[in-house]
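Here is work06.cif, consisting of mmCIF, C-alpha atoms and all ligand atoms:
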data_structure
loop_
_atom_site.label_atom_id
_atom_site.label_comp_id
_atom_site.auth_asym_id
_atom_site.auth_seq_id
_atom_site.Cartn_x
_atom_site.Cartn_y
_atom_site.Cartn_z
CA MET A 1 -11.76 15.35 105.48
CA SER A 2 -9.50 12.65 104.09
CA LYS A 3 -8.82 9.73 106.36
CA ILE A 4 -5.59 9.28 108.30
CA LYS A 5 -3.51 6.61 106.58
CA VAL A 6 -2.11 4.22 109.16
CA ALA A 7 0.49 1.44 109.00
CA VAL A 8 1.10 -1.12 111.74
CA PHE A 9 4.58 -2.54 112.41
CA GLY A 10 4.31 -5.95 114.05
CA CYS A 11 1.16 -8.03 113.72
CA GLY A 12 1.35 -10.00 116.96
CA ALA A 13 -0.90 -10.12 120.01
CA ILE A 14 -1.27 -6.43 120.89
CA ALA A 15 -1.64 -5.40 117.24
CA GLN A 16 -4.26 -8.06 116.53
CA ARG A 17 -6.21 -7.58 119.75
CA ARG A 18 -6.07 -3.82 120.24
CA HIS A 19 -4.35 -1.56 117.71
CA ILE A 20 -5.72 -2.96 114.45
CA PRO A 21 -9.37 -3.49 115.53
CA GLU A 22 -9.43 -0.08 117.24
CA TYR A 23 -8.07 1.65 114.13
CA ALA A 24 -10.58 -0.31 112.02
CA ALA A 25 -13.41 0.89 114.27
CA ASN A 26 -12.32 4.53 113.97
CA PRO A 27 -14.16 6.22 111.08
CA ASN A 28 -11.28 8.69 110.54
CA VAL A 29 -8.70 6.00 109.82
CA GLU A 30 -7.74 3.96 106.80
CA LEU A 31 -5.45 1.01 107.52
CA VAL A 32 -3.12 0.98 104.53
CA ALA A 33 -0.27 -1.40 105.35
CA PHE A 34 1.01 -4.02 107.78
CA ALA A 35 4.59 -5.21 108.35
CA ASP A 36 5.73 -8.45 109.96
CA PRO A 37 8.63 -10.75 109.01
CA VAL A 38 6.15 -13.60 109.49
CA ILE A 39 4.38 -12.44 106.35
CA GLU A 40 1.31 -14.62 106.94
CA ARG A 41 0.51 -12.47 109.98
CA ALA A 42 0.71 -9.24 107.98
CA GLN A 43 -1.20 -10.83 105.10
CA SER A 44 -3.96 -12.09 107.36
CA MET A 45 -4.45 -8.54 108.71
CA ALA A 46 -4.49 -7.14 105.15
CA ASP A 47 -7.05 -9.79 104.14
CA THR A 48 -9.29 -8.87 107.06
CA TYR A 49 -8.90 -5.10 107.17
CA GLY A 50 -7.69 -4.14 103.68
CA GLY A 51 -4.30 -2.63 102.79
CA LYS A 52 -1.00 -4.22 101.82
CA SER A 53 1.34 -6.59 103.61
CA TYR A 54 5.13 -6.28 103.89
CA SER A 55 7.76 -8.51 105.47
CA SER A 56 9.98 -5.47 106.10
CA TYR A 57 8.99 -2.16 107.67
CA GLU A 58 11.74 -0.40 105.70
CA GLU A 59 10.14 -1.60 102.45
CA LEU A 60 6.75 -0.48 103.71
CA LEU A 61 8.06 3.02 104.46
CA LYS A 62 9.73 3.17 101.04
CA ASN A 63 6.56 2.22 99.19
CA GLU A 64 3.73 3.78 101.20
CA LYS A 65 3.08 7.37 102.24
CA VAL A 66 1.50 7.01 105.66
CA ASP A 67 0.34 9.64 108.13
CA ALA A 68 0.79 7.51 111.23
CA VAL A 69 2.39 4.29 112.42
CA SER A 70 1.79 1.97 115.38
CA VAL A 71 4.93 0.20 116.56
CA CYS A 72 3.82 -3.14 118.06
CA THR A 73 7.05 -5.12 117.92
CA PRO A 74 9.61 -6.58 120.36
CA ASN A 75 11.10 -3.88 122.58
CA PHE A 76 14.51 -3.66 120.87
CA LEU A 77 12.83 -2.53 117.64
CA HIS A 78 10.83 0.33 119.18
CA ALA A 79 13.59 2.94 118.78
CA PRO A 80 14.79 2.18 115.21
CA MET A 81 11.22 1.80 113.94
CA THR A 82 9.97 4.96 115.65
CA ILE A 83 12.89 6.99 114.34
CA ALA A 84 12.47 5.63 110.80
CA ALA A 85 8.74 6.35 110.82
CA ALA A 86 9.25 9.87 112.20
CA ASN A 87 11.92 10.52 109.55
CA ALA A 88 9.37 9.41 106.96
CA GLY A 89 7.03 12.11 108.30
CA ALA A 90 4.64 9.83 110.21
CA HIS A 91 3.19 10.35 113.69
CA VAL A 92 4.10 7.40 115.91
CA LEU A 93 2.24 5.45 118.58
CA VAL A 94 4.85 3.16 120.13
CA GLU A 95 4.11 0.36 122.57
CA LYS A 96 5.60 0.30 126.05
CA PRO A 97 8.30 0.16 127.25
CA MET A 98 9.00 2.91 124.73
CA ALA A 99 12.66 1.88 124.42
CA SER A 100 15.39 -0.28 125.93
CA THR A 101 17.48 2.63 127.20
CA ALA A 102 16.94 6.28 128.13
CA GLU A 103 19.31 7.32 125.32
CA GLU A 104 17.15 5.55 122.75
CA ALA A 105 14.03 7.17 124.17
CA GLU A 106 15.67 10.59 123.93
CA GLN A 107 16.59 9.93 120.29
CA MET A 108 12.98 8.98 119.57
CA ILE A 109 11.69 12.20 121.15
CA GLU A 110 14.26 14.19 119.19
CA ALA A 111 13.33 12.46 115.90
CA ALA A 112 9.66 13.30 116.42
CA GLN A 113 10.45 16.93 117.28
CA LYS A 114 12.80 17.34 114.32
CA ASN A 115 10.19 16.02 111.90
CA GLY A 116 7.24 17.87 113.43
CA VAL A 117 5.31 14.66 114.21
CA TYR A 118 3.71 13.40 117.43
CA LEU A 119 5.12 10.59 119.53
CA MET A 120 2.71 8.81 121.87
CA VAL A 121 3.44 5.81 124.11
CA GLY A 122 0.88 3.00 124.63
CA HIS A 123 0.50 3.49 128.39
CA ASN A 124 -3.09 2.33 128.31
CA GLN A 125 -3.41 1.89 132.11
CA ARG A 126 -4.07 5.62 132.37
CA LEU A 127 -7.20 5.25 130.25
CA MET A 128 -8.76 2.20 131.89
CA PRO A 129 -12.11 3.23 133.39
CA PRO A 130 -11.24 2.25 137.00
CA HIS A 131 -8.03 4.25 136.74
CA VAL A 132 -9.79 7.25 135.20
CA LYS A 133 -12.29 7.14 138.10
CA ALA A 134 -9.52 6.77 140.68
CA LYS A 135 -7.73 9.82 139.31
CA GLU A 136 -10.95 11.84 139.36
CA LEU A 137 -11.68 10.84 142.99
CA LEU A 138 -8.15 11.54 144.17
CA ASP A 139 -8.06 14.92 142.42
CA SER A 140 -11.39 15.85 144.08
CA GLY A 141 -9.49 16.06 147.38
CA SER A 142 -12.02 14.03 149.42
CA LEU A 143 -9.30 11.62 150.57
CA GLY A 144 -6.80 14.33 151.44
CA LYS A 145 -3.13 13.76 150.73
CA VAL A 146 -1.77 10.36 149.76
CA LEU A 147 0.63 9.11 152.43
CA THR A 148 1.66 5.66 151.25
CA PHE A 149 0.71 3.21 148.48
CA ARG A 150 1.22 -0.15 146.90
CA THR A 151 0.77 -0.86 143.20
CA SER A 152 1.18 -4.25 141.57
CA PHE A 153 0.72 -6.03 138.28
CA GLY A 154 1.05 -9.74 137.73
CA HIS A 155 -0.11 -12.56 135.48
CA PRO A 156 1.11 -16.04 134.52
CA GLY A 157 3.58 -14.71 131.94
CA PRO A 158 3.70 -13.92 128.22
CA GLU A 159 3.77 -17.54 127.04
CA GLY A 160 -0.03 -17.46 127.20
CA TRP A 161 -0.18 -14.11 125.39
CA SER A 162 2.49 -13.66 122.69
CA VAL A 163 1.75 -15.06 119.23
CA ASP A 164 4.97 -17.10 119.62
CA GLY A 165 4.04 -18.60 122.99
CA ARG A 166 6.97 -20.14 124.88
CA GLU A 167 9.27 -19.31 121.94
CA SER A 168 8.47 -15.62 122.28
CA TRP A 169 10.98 -12.76 122.11
CA PHE A 170 9.60 -11.77 125.55
CA PHE A 171 11.99 -14.37 127.04
CA ARG A 172 15.10 -13.29 125.11
CA LYS A 173 17.06 -10.51 126.81
CA GLU A 174 18.68 -9.17 123.62
CA GLU A 175 15.20 -8.50 122.18
CA ALA A 176 13.20 -7.74 125.34
CA THR A 177 15.92 -6.06 127.47
CA MET A 178 13.70 -6.70 130.50
CA GLY A 179 11.06 -9.21 131.48
CA ALA A 180 8.11 -8.58 133.80
CA MET A 181 9.49 -5.13 134.63
CA GLY A 182 9.30 -4.01 130.98
CA ASP A 183 6.03 -5.81 130.42
CA LEU A 184 4.16 -4.88 133.60
CA GLY A 185 6.35 -2.81 135.93
CA VAL A 186 6.56 0.12 133.50
CA HIS A 187 2.76 0.21 133.32
CA LYS A 188 2.66 0.80 137.05
CA SER A 189 5.54 3.29 137.21
CA ASP A 190 3.61 5.25 134.60
CA PHE A 191 0.28 4.87 136.39
CA ILE A 192 1.53 5.87 139.84
CA ARG A 193 3.30 8.97 138.47
CA TYR A 194 0.11 9.92 136.66
CA LEU A 195 -2.29 9.12 139.51
CA LEU A 196 -0.31 10.97 142.15
CA SER A 197 0.75 13.83 139.81
CA ASP A 198 4.15 13.25 141.34
CA GLU A 199 7.57 12.07 140.19
CA VAL A 200 9.69 9.23 141.52
CA ALA A 201 12.73 10.55 143.36
CA GLU A 202 14.38 7.36 144.64
CA VAL A 203 14.15 3.66 143.82
CA ALA A 204 15.31 0.49 145.57
CA GLY A 205 14.78 -2.59 143.41
CA PHE A 206 14.79 -6.32 144.10
CA ILE A 207 14.57 -8.03 140.70
CA SER A 208 14.92 -11.77 140.05
CA THR A 209 14.26 -14.65 137.72
CA ILE A 210 12.64 -17.02 140.18
CA HIS A 211 10.62 -19.54 138.22
CA LYS A 212 10.66 -19.19 134.42
CA GLU A 213 13.13 -21.65 132.93
CA GLY A 214 15.51 -21.06 130.03
CA THR A 215 15.35 -17.27 130.19
CA ASP A 216 17.62 -14.56 131.50
CA VAL A 217 14.93 -11.92 131.90
CA ASP A 218 13.27 -11.08 135.22
CA ASP A 219 10.02 -12.74 136.22
CA ASN A 220 9.49 -11.05 139.60
CA SER A 221 10.37 -7.76 141.20
CA THR A 222 9.48 -5.62 144.16
CA CYS A 223 10.61 -2.02 144.30
CA ILE A 224 10.36 0.64 146.96
CA LEU A 225 9.70 4.11 145.60
CA ARG A 226 10.07 7.47 147.31
CA MET A 227 8.20 10.17 145.44
CA LYS A 228 9.34 13.82 145.19
CA SER A 229 6.52 14.73 147.62
CA GLY A 230 7.97 12.33 150.19
CA VAL A 231 5.24 9.68 149.77
CA ILE A 232 6.66 6.15 149.85
CA GLY A 233 5.22 2.97 148.39
CA THR A 234 5.91 -0.30 146.62
CA LEU A 235 5.69 -1.41 143.01
CA THR A 236 5.53 -5.10 142.14
CA ALA A 237 5.68 -6.85 138.77
CA SER A 238 5.28 -10.61 138.37
CA TRP A 239 5.07 -13.21 135.62
CA THR A 240 4.48 -16.06 138.06
CA GLN A 241 1.00 -15.31 139.32
CA TYR A 242 -0.30 -18.58 137.88
CA LYS A 243 -3.44 -18.08 139.94
CA GLY A 244 -4.75 -14.83 141.34
CA GLY A 245 -3.28 -12.43 138.78
CA ASP A 246 -3.35 -8.88 140.06
CA ASN A 247 -3.60 -5.36 138.71
CA SER A 248 -4.33 -3.38 141.83
CA THR A 249 -3.29 -0.20 143.56
CA VAL A 250 -4.09 0.87 147.12
CA LEU A 251 -3.57 4.42 148.34
CA TRP A 252 -3.64 5.15 152.07
CA CYS A 253 -4.50 8.81 152.47
CA GLU A 254 -5.11 11.33 155.27
CA LYS A 255 -8.88 10.78 155.25
CA GLY A 256 -9.17 7.15 154.20
CA VAL A 257 -8.10 4.48 151.76
CA MET A 258 -8.75 4.01 148.05
CA LYS A 259 -8.62 0.45 146.72
CA ILE A 260 -8.38 0.09 142.94
CA GLY A 261 -8.84 -3.29 141.29
CA THR A 262 -8.91 -5.26 144.55
CA VAL A 263 -12.48 -6.59 144.24
CA GLU A 264 -13.90 -7.76 140.91
CA GLY A 265 -17.10 -5.86 140.23
CA ASP A 266 -16.27 -3.04 142.68
CA GLU A 267 -13.33 -1.62 140.81
CA VAL A 268 -12.79 1.46 142.95
CA ILE A 269 -13.60 1.42 146.67
CA VAL A 270 -13.18 4.45 148.91
CA GLU A 271 -13.38 3.86 152.67
CA LEU A 272 -13.23 7.08 154.65
CA THR A 273 -12.11 7.46 158.26
CA ASN A 274 -15.56 8.96 159.00
CA GLY A 275 -17.12 5.57 158.24
CA ASN A 276 -18.42 6.37 154.75
CA VAL A 277 -17.82 3.73 152.10
CA GLU A 278 -18.28 4.34 148.36
CA THR A 279 -18.00 1.64 145.73
CA HIS A 280 -17.69 2.53 142.07
CA LYS A 281 -18.60 -0.02 139.43
CA VAL A 282 -16.80 1.53 136.51
CA GLY A 283 -16.18 -1.25 134.04
CA VAL A 284 -13.76 -4.12 134.24
CA MET A 285 -10.03 -3.79 134.47
CA ALA A 286 -8.77 -5.30 131.21
CA THR A 287 -6.77 -8.52 131.53
CA ASN A 288 -5.07 -10.65 128.88
CA GLU A 289 -8.20 -12.81 128.73
CA LYS A 290 -10.76 -10.02 129.07
CA GLN A 291 -9.87 -7.46 126.41
CA VAL A 292 -11.67 -4.12 126.40
CA PRO A 293 -11.04 -1.13 124.10
CA SER A 294 -7.86 0.59 125.27
CA GLY A 295 -8.85 4.10 124.20
CA VAL A 296 -5.19 4.65 123.28
CA ILE A 297 -5.74 4.40 119.54
CA ASP A 298 -8.71 6.80 119.54
CA SER A 299 -6.73 9.22 121.67
CA PHE A 300 -3.77 9.07 119.23
CA VAL A 301 -6.06 9.64 116.24
CA GLU A 302 -7.79 12.52 118.05
CA SER A 303 -4.40 14.16 118.67
CA ILE A 304 -3.58 14.01 114.97
CA LEU A 305 -7.03 15.22 113.88
CA THR A 306 -7.06 18.16 116.26
CA SER A 307 -3.33 18.95 116.09
CA THR A 308 -3.11 18.55 119.86
CA PRO A 309 0.05 16.96 121.28
CA PRO A 310 -0.72 13.61 122.95
CA SER A 311 -0.80 13.74 126.75
CA ILE A 312 0.90 10.32 126.99
CA SER A 313 3.92 11.73 125.21
CA GLY A 314 7.42 10.46 124.58
CA GLU A 315 8.61 12.58 127.51
CA GLU A 316 6.07 10.86 129.79
CA GLY A 317 7.11 7.43 128.49
CA LEU A 318 10.74 8.29 129.17
CA ARG A 319 10.06 9.32 132.80
CA SER A 320 8.19 6.07 133.42
CA LEU A 321 10.96 4.05 131.76
CA LYS A 322 13.64 5.75 133.86
CA VAL A 323 11.97 4.45 137.05
CA ILE A 324 12.30 0.88 135.79
CA LEU A 325 15.88 1.39 134.60
CA ALA A 326 16.71 2.83 138.04
CA ALA A 327 15.29 -0.30 139.66
CA PHE A 328 17.63 -2.45 137.54
CA GLU A 329 20.56 -0.24 138.52
CA SER A 330 19.57 -0.62 142.16
CA GLN A 331 19.41 -4.41 141.81
CA ALA A 332 22.83 -4.45 140.11
CA THR A 333 24.59 -2.17 142.61
CA GLY A 334 22.74 -2.97 145.81
CA LYS A 335 22.17 0.77 146.25
CA ILE A 336 19.21 3.12 146.30
CA VAL A 337 19.13 5.04 142.99
CA LYS A 338 18.14 8.70 142.83
CA LEU A 339 16.37 10.04 139.75
N1 LIG B 401 -0.03 -1.76 126.22
C1 LIG B 401 -0.20 -3.01 126.58
O1 LIG B 401 -0.99 -3.32 127.45
C2 LIG B 401 0.62 -4.09 125.93
C3 LIG B 401 0.20 -5.42 126.03
C4 LIG B 401 0.98 -6.40 125.40
C5 LIG B 401 2.14 -6.06 124.73
N2 LIG B 401 2.53 -4.76 124.67
C6 LIG B 401 3.78 -4.37 123.98
O2 LIG B 401 3.58 -4.52 122.58
C7 LIG B 401 4.78 -4.92 121.95
C8 LIG B 401 4.49 -6.19 121.13
O3 LIG B 401 4.06 -7.21 122.02
P1 LIG B 401 3.07 -8.38 121.59
O4 LIG B 401 2.45 -8.85 122.85
O5 LIG B 401 2.21 -8.00 120.47
O6 LIG B 401 4.16 -9.47 121.11
P2 LIG B 401 3.96 -10.70 120.12
O7 LIG B 401 5.11 -11.61 120.35
O8 LIG B 401 2.58 -11.28 120.25
O9 LIG B 401 4.07 -10.03 118.66
C9 LIG B 401 5.23 -9.40 118.19
C10 LIG B 401 5.15 -9.38 116.67
O10 LIG B 401 6.21 -8.58 116.17
C11 LIG B 401 6.68 -9.20 114.99
N3 LIG B 401 8.00 -8.72 114.63
C12 LIG B 401 9.22 -9.15 115.02
N4 LIG B 401 10.20 -8.50 114.37
C13 LIG B 401 9.58 -7.63 113.51
C14 LIG B 401 10.05 -6.71 112.53
N5 LIG B 401 11.34 -6.53 112.29
N6 LIG B 401 9.13 -6.01 111.83
C15 LIG B 401 7.80 -6.16 112.05
N7 LIG B 401 7.31 -7.04 112.97
C16 LIG B 401 8.19 -7.76 113.69
C17 LIG B 401 6.64 -10.69 115.34
O11 LIG B 401 6.74 -11.52 114.19
C18 LIG B 401 5.29 -10.78 116.04
O12 LIG B 401 4.26 -11.02 115.11
C19 LIG B 401 5.80 -5.12 123.08
O13 LIG B 401 6.62 -3.99 123.17
C20 LIG B 401 4.95 -5.26 124.32
O14 LIG B 401 5.61 -4.83 125.49
C21 LIG B 401 1.79 -3.78 125.24
#
Could you quickly redo this structure as structure tokens?
Amino acid sequence: MSKIKVAVFGCGAIAQRRHIPEYAANPNVELVAFADPVIERAQSMADTYGGKSYSSYEELLKNEKVDAVSVCTPNFLHAPMTIAAANAGAHVLVEKPMASTAEEAEQMIEAAQKNGVYLMVGHNQRLMPPHVKAKELLDSGSLGKVLTFRTSFGHPGPEGWSVDGRESWFFRKEEATMGAMGDLGVHKSDFIRYLLSDEVAEVAGFISTIHKEGTDVDDNSTCILRMKSGVIGTLTASWTQYKGGDNSTVLWCEKGVMKIGTVEGDEVIVELTNGNVETHKVGVMATNEKQVPSGVIDSFVESILTSTPPSISGEEGLRSLKVILAAFESQATGKIVKL
């Protein structure tokens, strides 16, 4: 079978650390082109992995016939790039948050449908081994129903991650739309929906810029969520955890508690009311410093190869995005927002 020809839009941190090496490691993929206005970044990827470099994604799409595209650019470019790639007949894997607005996300879904291509969103938290294990344990029923939860994600901020450091687009509202909520909060709205097999019904959001200077995007937020099932919990996103960064979720259930990512080395801990304690060592939770294969790229390629729609679809990305947008609306209006 001929290999899937892939192009990557944006050759910054997530492209360099995850998308490009994971495509390169996949025997069914040929990396054919890279686009970045900082042409040295695209060229350096082409030098390492083969293929051509472009400073404009439009030029790339004009000159190359590609089967699939990864969109790894600042948030405001996700929608136009996804739509252009879909219109060029390419399947699209777009990074999260999938778009800046729900309308954009809907247009992306429509463009994929119209062109008969797949749209997948890079919600890699679902595929992290501790989260896969947690889902399996919860679905087994041994903990009974979930009653309440907390889920949080925090690190010191994107200045230590983005290829542009403190000058990054992550801090500019017109390019990022949102700060920690778009970077980290949307990961957890997606994860909690997935883990609980439930939808968010109501959101109350407290969102602020508390400590980052010279930016108008949020660096901290705490939201209260009521799920359709009635379960209530909190979601926290922070860019100011300069020490003690956190990617954890705790579920208090009828028959005990499940702690995910609370103790390094014991990624999933189940403590039952009957006194039983299980600890599951299921591989590290990836952090900015400790990168592990995301599984997202292989899953996207597998979808294309087997003509199976991706489970982390545009529709899923949109539902997770809507939770975050509702939190902003709640912050702006001082009201609880229903979804
Ligand atoms: N799934 C995850 O865990 C995860 C982790 C980090 C980032 N992300 C997401 O990935 C996306 C990219 O983030 P990043 O951390 O790589 O940022 P980054 O700042 O490191 O890189 C962004 C790159 O995009 C390039 N770019 C800007 N305009 C462009 C254009 N018109 N065409 C092509 N390239 C362009 C920049 O020059 C830069 O090289 C964001 O949406 C972010 O939220 C996801």
Requested in this report: Give as a PyMOL selection string the residues surrounding ligand LIG 401 (chain B) up to a distance of 8 Å, considering only C-alpha atoms and all ligand atoms.
Outcome: chain A and resi 9-16+35-38+41+55-57+71-75+77-78+94-98+122-125+158+161-165+168-170+176+182-183+187+288
Query - Expected residue set, 12 Å radius at (-3.8, 7.9, 151.0), all atoms listed in the file, as number ranges by chain - result: A: 134, 137-139, 141-150, 195-196, 231-233, 249-259, 270-273
Query raised in the report: How many Å separate atom CA of Gly116 of chain A from atom CA of Leu318 of chain A?
Result: 18.8 Å
Report summary line: atom CA of Asn247 of chain A sits from atom CA of Ser152 of chain A at a separation of 5.7 Å
Query raised in the report: Which is closer to Ser100 of chain A than all the others in A:Gly154, A:Gly245, A:Gly265, A:Gly179, using all atoms listed in the file?
Result: A:Gly179
Query raised in the report: Hey, what's within 8 Å of segment 295-310 of chain A if we count all atoms listed in the file and toss same-chain stuff fewer than 6 positions away? As a PyMOL selection string, please?
Result: chain A and resi 4+19+22-23+26+28-29+91+93+118-120+122-124+127-128
Query raised in the report: Between atom CA of Gln113 of chain A and atom CA of Leu325 of chain A, what is the distance, to one decimal in Å?
Result: 23.9 Å
Report task. Compute the distance from (17.5, -13.0, 130.8) to each atom, counting only C-alpha atoms, keep the residues with any atom at most 12 Å away, and return them as JSON, numbers by chain; use the coordinates of the file. Result -> {"A": [169, 170, 171, 172, 173, 174, 175, 176, 177, 178, 179, 180, 181, 207, 208, 209, 210, 212, 213, 214, 215, 216, 217, 218, 219]}
For the residues selected in the previous step, produce a file with C-alpha atoms as a PDB file, in the frame of the given file.
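The file below, out.pdb, is the result:
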ATOM      1  CA  TRP A 169      10.980 -12.760 122.110  1.00  0.00           C
ATOM      2  CA  PHE A 170       9.600 -11.770 125.550  1.00  0.00           C
ATOM      3  CA  PHE A 171      11.990 -14.370 127.040  1.00  0.00           C
ATOM      4  CA  ARG A 172      15.100 -13.290 125.110  1.00  0.00           C
ATOM      5  CA  LYS A 173      17.060 -10.510 126.810  1.00  0.00           C
ATOM      6  CA  GLU A 174      18.680  -9.170 123.620  1.00  0.00           C
ATOM      7  CA  GLU A 175      15.200  -8.500 122.180  1.00  0.00           C
ATOM      8  CA  ALA A 176      13.200  -7.740 125.340  1.00  0.00           C
ATOM      9  CA  THR A 177      15.920  -6.060 127.470  1.00  0.00           C
ATOM     10  CA  MET A 178      13.700  -6.700 130.500  1.00  0.00           C
ATOM     11  CA  GLY A 179      11.060  -9.210 131.480  1.00  0.00           C
ATOM     12  CA  ALA A 180       8.110  -8.580 133.800  1.00  0.00           C
ATOM     13  CA  MET A 181       9.490  -5.130 134.630  1.00  0.00           C
ATOM     14  CA  ILE A 207      14.570  -8.030 140.700  1.00  0.00           C
ATOM     15  CA  SER A 208      14.920 -11.770 140.050  1.00  0.00           C
ATOM     16  CA  THR A 209      14.260 -14.650 137.720  1.00  0.00           C
ATOM     17  CA  ILE A 210      12.640 -17.020 140.180  1.00  0.00           C
ATOM     18  CA  LYS A 212      10.660 -19.190 134.420  1.00  0.00           C
ATOM     19  CA  GLU A 213      13.130 -21.650 132.930  1.00  0.00           C
ATOM     20  CA  GLY A 214      15.510 -21.060 130.030  1.00  0.00           C
ATOM     21  CA  THR A 215      15.350 -17.270 130.190  1.00  0.00           C
ATOM     22  CA  ASP A 216      17.620 -14.560 131.500  1.00  0.00           C
ATOM     23  CA  VAL A 217      14.930 -11.920 131.900  1.00  0.00           C
ATOM     24  CA  ASP A 218      13.270 -11.080 135.220  1.00  0.00           C
ATOM     25  CA  ASP A 219      10.020 -12.740 136.220  1.00  0.00           C
TER      26      ASP A 219
END
With 3 Å on each side, where is the centre of the axis-aligned box around all listed atoms of segment 63-74 of chain A, and how long are its edges in Å to one decimal, as JSON?
{"center_x": 5.0, "center_y": 1.5, "center_z": 109.8, "size_x": 15.3, "size_y": 22.2, "size_z": 27.2}
Phe153 of chain A environment, 7 Å, all atoms listed in the file, sequence neighbours closer than 2 positions dropped, as a compact mmCIF listing (two decimals) with C-alpha atoms, keeping the file's coordinate frame:
# COMPACT_ATOMS: atom_id res chain seq x y z
CA LEU A 184 4.16 -4.88 133.60
CA GLY A 185 6.35 -2.81 135.93
CA THR A 236 5.53 -5.10 142.14
CA ALA A 237 5.68 -6.85 138.77
CA SER A 238 5.28 -10.61 138.37
CA ASP A 246 -3.35 -8.88 140.06
CA ASN A 247 -3.60 -5.36 138.71
CA SER A 248 -4.33 -3.38 141.83
May I ask you to restore N, CA and C atoms in segment 211-227 of chain A and write the result as a PDB file, keeping the file's coordinate frame?
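rebuild_20.pdb, freshly written:
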ATOM      1  N   HIS A 211      11.308 -18.299 138.598  1.00  0.00           N
ATOM      2  CA  HIS A 211      10.620 -19.540 138.220  1.00  0.00           C
ATOM      3  C   HIS A 211      10.595 -19.877 136.744  1.00  0.00           C
ATOM      4  N   LYS A 212      10.684 -18.884 135.862  1.00  0.00           N
ATOM      5  CA  LYS A 212      10.660 -19.190 134.420  1.00  0.00           C
ATOM      6  C   LYS A 212      11.978 -19.848 134.049  1.00  0.00           C
ATOM      7  N   GLU A 213      11.903 -20.929 133.286  1.00  0.00           N
ATOM      8  CA  GLU A 213      13.130 -21.650 132.930  1.00  0.00           C
ATOM      9  C   GLU A 213      13.616 -21.232 131.552  1.00  0.00           C
ATOM     10  N   GLY A 214      14.929 -21.307 131.338  1.00  0.00           N
ATOM     11  CA  GLY A 214      15.510 -21.060 130.030  1.00  0.00           C
ATOM     12  C   GLY A 214      15.435 -19.609 129.597  1.00  0.00           C
ATOM     13  N   THR A 215      15.364 -18.691 130.544  1.00  0.00           N
ATOM     14  CA  THR A 215      15.350 -17.270 130.190  1.00  0.00           C
ATOM     15  C   THR A 215      16.237 -16.497 131.139  1.00  0.00           C
ATOM     16  N   ASP A 216      16.802 -15.395 130.633  1.00  0.00           N
ATOM     17  CA  ASP A 216      17.620 -14.560 131.500  1.00  0.00           C
ATOM     18  C   ASP A 216      16.928 -13.234 131.798  1.00  0.00           C
ATOM     19  N   VAL A 217      15.639 -13.142 131.516  1.00  0.00           N
ATOM     20  CA  VAL A 217      14.930 -11.920 131.900  1.00  0.00           C
ATOM     21  C   VAL A 217      14.192 -12.147 133.219  1.00  0.00           C
ATOM     22  N   ASP A 218      13.914 -11.036 133.902  1.00  0.00           N
ATOM     23  CA  ASP A 218      13.270 -11.080 135.220  1.00  0.00           C
ATOM     24  C   ASP A 218      11.832 -11.574 135.134  1.00  0.00           C
ATOM     25  N   ASP A 219      11.433 -12.350 136.153  1.00  0.00           N
ATOM     26  CA  ASP A 219      10.020 -12.740 136.220  1.00  0.00           C
ATOM     27  C   ASP A 219       9.332 -12.214 137.478  1.00  0.00           C
ATOM     28  N   ASN A 220      10.098 -11.629 138.392  1.00  0.00           N
ATOM     29  CA  ASN A 220       9.490 -11.050 139.600  1.00  0.00           C
ATOM     30  C   ASN A 220      10.320  -9.876 140.085  1.00  0.00           C
ATOM     31  N   SER A 221       9.631  -8.866 140.593  1.00  0.00           N
ATOM     32  CA  SER A 221      10.370  -7.760 141.200  1.00  0.00           C
ATOM     33  C   SER A 221       9.490  -7.051 142.209  1.00  0.00           C
ATOM     34  N   THR A 222      10.140  -6.520 143.207  1.00  0.00           N
ATOM     35  CA  THR A 222       9.480  -5.620 144.160  1.00  0.00           C
ATOM     36  C   THR A 222      10.394  -4.422 144.345  1.00  0.00           C
ATOM     37  N   CYS A 223       9.822  -3.253 144.191  1.00  0.00           N
ATOM     38  CA  CYS A 223      10.610  -2.020 144.300  1.00  0.00           C
ATOM     39  C   CYS A 223      10.001  -1.124 145.369  1.00  0.00           C
ATOM     40  N   ILE A 224      10.848  -0.401 146.044  1.00  0.00           N
ATOM     41  CA  ILE A 224      10.360   0.640 146.960  1.00  0.00           C
ATOM     42  C   ILE A 224      10.618   1.981 146.281  1.00  0.00           C
ATOM     43  N   LEU A 225       9.590   2.804 146.253  1.00  0.00           N
ATOM     44  CA  LEU A 225       9.700   4.110 145.600  1.00  0.00           C
ATOM     45  C   LEU A 225       9.514   5.217 146.645  1.00  0.00           C
ATOM     46  N   ARG A 226      10.354   6.239 146.571  1.00  0.00           N
ATOM     47  CA  ARG A 226      10.070   7.470 147.310  1.00  0.00           C
ATOM     48  C   ARG A 226       9.780   8.530 146.273  1.00  0.00           C
ATOM     49  N   MET A 227       8.608   9.161 146.410  1.00  0.00           N
ATOM     50  CA  MET A 227       8.200  10.170 145.440  1.00  0.00           C
ATOM     51  C   MET A 227       8.804  11.525 145.851  1.00  0.00           C
TER      52      MET A 227
END
